[in-house]
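Below is one structure; the comments refer to it alone.
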Amino acid sequence: MKFRNAFFMILFVGYGFTLNAQISFENLQVGMNMEKRYIVMNISSRSCIYCLMQEKKMQKDKVLQERLKNEVYFLSWQTEQQVCFIFNGQKYASGEEFIENYGRDENGTIAYPLWLIFDENYRIIYRYFGLLSTEKITKLLDVLKEK
């Protein structure tokens with residue numbers, strides 16, 4: 001049974017990862033059905049220079065990419081380019097609709113890059129606006145690994 005689960009994990013989820021260890025929304029539910037993990041999202045905007053800086057820093061850190069691939073489900077996407085997807089059984093017509101649901105803090109603020117972390121039950125447990133160093137991302141992964 002373990003071999004079968006590992007095989008399907010590679011078949012369905014493995015192809016969702018790109019060079020920067022990300023998975024697609026389409027493959028997220030398949031992965032969560034097989035193995036519950038935390039979900040880490042790095043959401044950017046086309047016009048955000050800090051978002052480009054974040055992406056470049058992460059692309060350079062191969063160890064971080066490997067950890068994101070193996071320890072959590074990592075989704076990195078631009079809000080303007082994400083259309084018609086399902087997250088936790090709910091359909092979203094756009095990335096903007098998703099951000100309205102999950103991206104605003106208690107003051108109604110939205111900023112990019114936007115980092116969201118969800119637990120294994122799709123509950124948001126962390127929200128951060130701004131550039132994160134690879135060291136801070138690594139520390140976040142360490143905390144998640146301990147839970």
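Chain identifiers are assigned as A, B, and so on, following the order in which chains appear in the structure tokens; residues are numbered from 1 within each chain, and ligands are numbered from 1 in order of appearance.
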Neighbour list for A:Glu26 as a PyMOL selection string, cut-off 9 Å, only C-alpha atoms, skip fewer than 2 positions in-chain: chain A and resi 16+23-24+28-30+85-87
List the spatial neighbours of stretch 129-145 of chain A as a PyMOL selection string - criterion: any atom at most 12 Å away, only C-alpha atoms, same-chain residues fewer than 4 positions off excluded. chain A and resi 37-45+48-74+103-105+109-120+125
From a DSSP calculation on the backbone, collect every residue of stretch 42-141 of chain A in strand (DSSP E) and output the set as JSON, numbers by chain. {"A": [42, 43, 44, 73, 74, 75, 76, 77, 78, 83, 84, 85, 86, 87, 90, 91, 92, 93, 94, 114, 115, 116, 117, 118, 124, 125, 126, 127, 128, 129]}
Dump of N, CA and C atoms for the selected residues, as a PDB file, in the first residue's frame:
ATOM      1  N   ASN A  42       3.288  31.834  -1.960  1.00  0.00           N
ATOM      2  CA  ASN A  42       3.977  33.091  -2.225  1.00  0.00           C
ATOM      3  C   ASN A  42       3.217  33.737  -3.379  1.00  0.00           C
ATOM      4  N   ILE A  43       2.450  34.773  -3.080  1.00  0.00           N
ATOM      5  CA  ILE A  43       1.597  35.406  -4.075  1.00  0.00           C
ATOM      6  C   ILE A  43       2.203  36.751  -4.442  1.00  0.00           C
ATOM      7  N   SER A  44       2.299  36.982  -5.741  1.00  0.00           N
ATOM      8  CA  SER A  44       2.913  38.211  -6.221  1.00  0.00           C
ATOM      9  C   SER A  44       1.982  38.948  -7.169  1.00  0.00           C
ATOM     10  N   TYR A  73       3.385  21.821   0.691  1.00  0.00           N
ATOM     11  CA  TYR A  73       2.907  22.069  -0.670  1.00  0.00           C
ATOM     12  C   TYR A  73       3.102  23.555  -0.919  1.00  0.00           C
ATOM     13  N   PHE A  74       3.942  23.869  -1.878  1.00  0.00           N
ATOM     14  CA  PHE A  74       4.325  25.247  -2.158  1.00  0.00           C
ATOM     15  C   PHE A  74       3.681  25.715  -3.452  1.00  0.00           C
ATOM     16  N   LEU A  75       2.942  26.809  -3.357  1.00  0.00           N
ATOM     17  CA  LEU A  75       2.315  27.415  -4.534  1.00  0.00           C
ATOM     18  C   LEU A  75       2.828  28.836  -4.662  1.00  0.00           C
ATOM     19  N   SER A  76       3.368  29.160  -5.812  1.00  0.00           N
ATOM     20  CA  SER A  76       3.856  30.504  -6.092  1.00  0.00           C
ATOM     21  C   SER A  76       3.127  30.980  -7.343  1.00  0.00           C
ATOM     22  N   TRP A  77       2.410  32.112  -7.223  1.00  0.00           N
ATOM     23  CA  TRP A  77       1.605  32.549  -8.353  1.00  0.00           C
ATOM     24  C   TRP A  77       1.360  34.055  -8.326  1.00  0.00           C
ATOM     25  N   GLN A  78       1.042  34.564  -9.514  1.00  0.00           N
ATOM     26  CA  GLN A  78       0.694  35.981  -9.655  1.00  0.00           C
ATOM     27  C   GLN A  78      -0.816  36.116  -9.623  1.00  0.00           C
ATOM     28  N   VAL A  83      -6.654  32.233 -12.804  1.00  0.00           N
ATOM     29  CA  VAL A  83      -8.085  32.271 -13.114  1.00  0.00           C
ATOM     30  C   VAL A  83      -8.699  30.899 -12.917  1.00  0.00           C
ATOM     31  N   CYS A  84      -9.921  30.895 -12.452  1.00  0.00           N
ATOM     32  CA  CYS A  84     -10.755  29.719 -12.319  1.00  0.00           C
ATOM     33  C   CYS A  84     -10.007  28.514 -11.724  1.00  0.00           C
ATOM     34  N   PHE A  85      -9.937  28.481 -10.408  1.00  0.00           N
ATOM     35  CA  PHE A  85      -9.260  27.384  -9.715  1.00  0.00           C
ATOM     36  C   PHE A  85     -10.054  27.024  -8.463  1.00  0.00           C
ATOM     37  N   ILE A  86      -9.739  25.861  -7.926  1.00  0.00           N
ATOM     38  CA  ILE A  86     -10.418  25.368  -6.726  1.00  0.00           C
ATOM     39  C   ILE A  86      -9.402  25.259  -5.602  1.00  0.00           C
ATOM     40  N   PHE A  87      -9.799  25.776  -4.445  1.00  0.00           N
ATOM     41  CA  PHE A  87      -8.983  25.661  -3.238  1.00  0.00           C
ATOM     42  C   PHE A  87      -9.901  25.246  -2.102  1.00  0.00           C
ATOM     43  N   GLN A  90     -13.649  25.096  -2.756  1.00  0.00           N
ATOM     44  CA  GLN A  90     -14.336  26.305  -3.199  1.00  0.00           C
ATOM     45  C   GLN A  90     -13.730  26.797  -4.505  1.00  0.00           C
ATOM     46  N   LYS A  91     -14.593  27.144  -5.440  1.00  0.00           N
ATOM     47  CA  LYS A  91     -14.150  27.624  -6.744  1.00  0.00           C
ATOM     48  C   LYS A  91     -13.939  29.132  -6.691  1.00  0.00           C
ATOM     49  N   TYR A  92     -12.820  29.570  -7.242  1.00  0.00           N
ATOM     50  CA  TYR A  92     -12.492  30.993  -7.332  1.00  0.00           C
ATOM     51  C   TYR A  92     -12.383  31.374  -8.799  1.00  0.00           C
ATOM     52  N   ALA A  93     -13.016  32.459  -9.175  1.00  0.00           N
ATOM     53  CA  ALA A  93     -12.988  32.915 -10.563  1.00  0.00           C
ATOM     54  C   ALA A  93     -11.667  33.589 -10.901  1.00  0.00           C
ATOM     55  N   SER A  94     -10.973  34.095  -9.884  1.00  0.00           N
ATOM     56  CA  SER A  94      -9.720  34.810 -10.137  1.00  0.00           C
ATOM     57  C   SER A  94      -8.845  34.810  -8.894  1.00  0.00           C
ATOM     58  N   LEU A 114       2.932  38.530  -0.956  1.00  0.00           N
ATOM     59  CA  LEU A 114       2.045  38.077   0.104  1.00  0.00           C
ATOM     60  C   LEU A 114       2.363  36.612   0.391  1.00  0.00           C
ATOM     61  N   TRP A 115       2.654  36.331   1.639  1.00  0.00           N
ATOM     62  CA  TRP A 115       2.916  34.969   2.073  1.00  0.00           C
ATOM     63  C   TRP A 115       1.747  34.485   2.918  1.00  0.00           C
ATOM     64  N   LEU A 116       1.195  33.343   2.544  1.00  0.00           N
ATOM     65  CA  LEU A 116       0.117  32.719   3.309  1.00  0.00           C
ATOM     66  C   LEU A 116       0.521  31.292   3.643  1.00  0.00           C
ATOM     67  N   ILE A 117       0.274  30.893   4.879  1.00  0.00           N
ATOM     68  CA  ILE A 117       0.504  29.501   5.264  1.00  0.00           C
ATOM     69  C   ILE A 117      -0.800  28.963   5.834  1.00  0.00           C
ATOM     70  N   PHE A 118      -1.194  27.806   5.313  1.00  0.00           N
ATOM     71  CA  PHE A 118      -2.403  27.111   5.749  1.00  0.00           C
ATOM     72  C   PHE A 118      -1.986  25.812   6.423  1.00  0.00           C
ATOM     73  N   ILE A 124      -5.955  29.200   7.656  1.00  0.00           N
ATOM     74  CA  ILE A 124      -4.814  30.106   7.556  1.00  0.00           C
ATOM     75  C   ILE A 124      -4.179  30.275   8.936  1.00  0.00           C
ATOM     76  N   ILE A 125      -2.859  30.072   9.004  1.00  0.00           N
ATOM     77  CA  ILE A 125      -2.163  30.187  10.282  1.00  0.00           C
ATOM     78  C   ILE A 125      -1.094  31.279  10.257  1.00  0.00           C
ATOM     79  N   TYR A 126      -0.781  31.807   9.066  1.00  0.00           N
ATOM     80  CA  TYR A 126       0.259  32.830   8.969  1.00  0.00           C
ATOM     81  C   TYR A 126       0.022  33.671   7.733  1.00  0.00           C
ATOM     82  N   ARG A 127       0.182  34.986   7.902  1.00  0.00           N
ATOM     83  CA  ARG A 127       0.068  35.922   6.783  1.00  0.00           C
ATOM     84  C   ARG A 127       1.186  36.944   6.943  1.00  0.00           C
ATOM     85  N   TYR A 128       1.924  37.170   5.875  1.00  0.00           N
ATOM     86  CA  TYR A 128       3.018  38.140   5.924  1.00  0.00           C
ATOM     87  C   TYR A 128       3.050  38.919   4.615  1.00  0.00           C
ATOM     88  N   PHE A 129       3.178  40.232   4.730  1.00  0.00           N
ATOM     89  CA  PHE A 129       3.300  41.096   3.558  1.00  0.00           C
ATOM     90  C   PHE A 129       4.746  41.539   3.445  1.00  0.00           C
TER      91      PHE A 129
END
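Between atom CA of A:Asn101 and atom CA of A:Arg123 there is a distance of 12.0 Å.
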Can you tell me, as a ChimeraX atom specification, which residues in stretch 37-127 of chain A count as alpha helix (DSSP H) by DSSP? /A:49-60,62-71,95-102
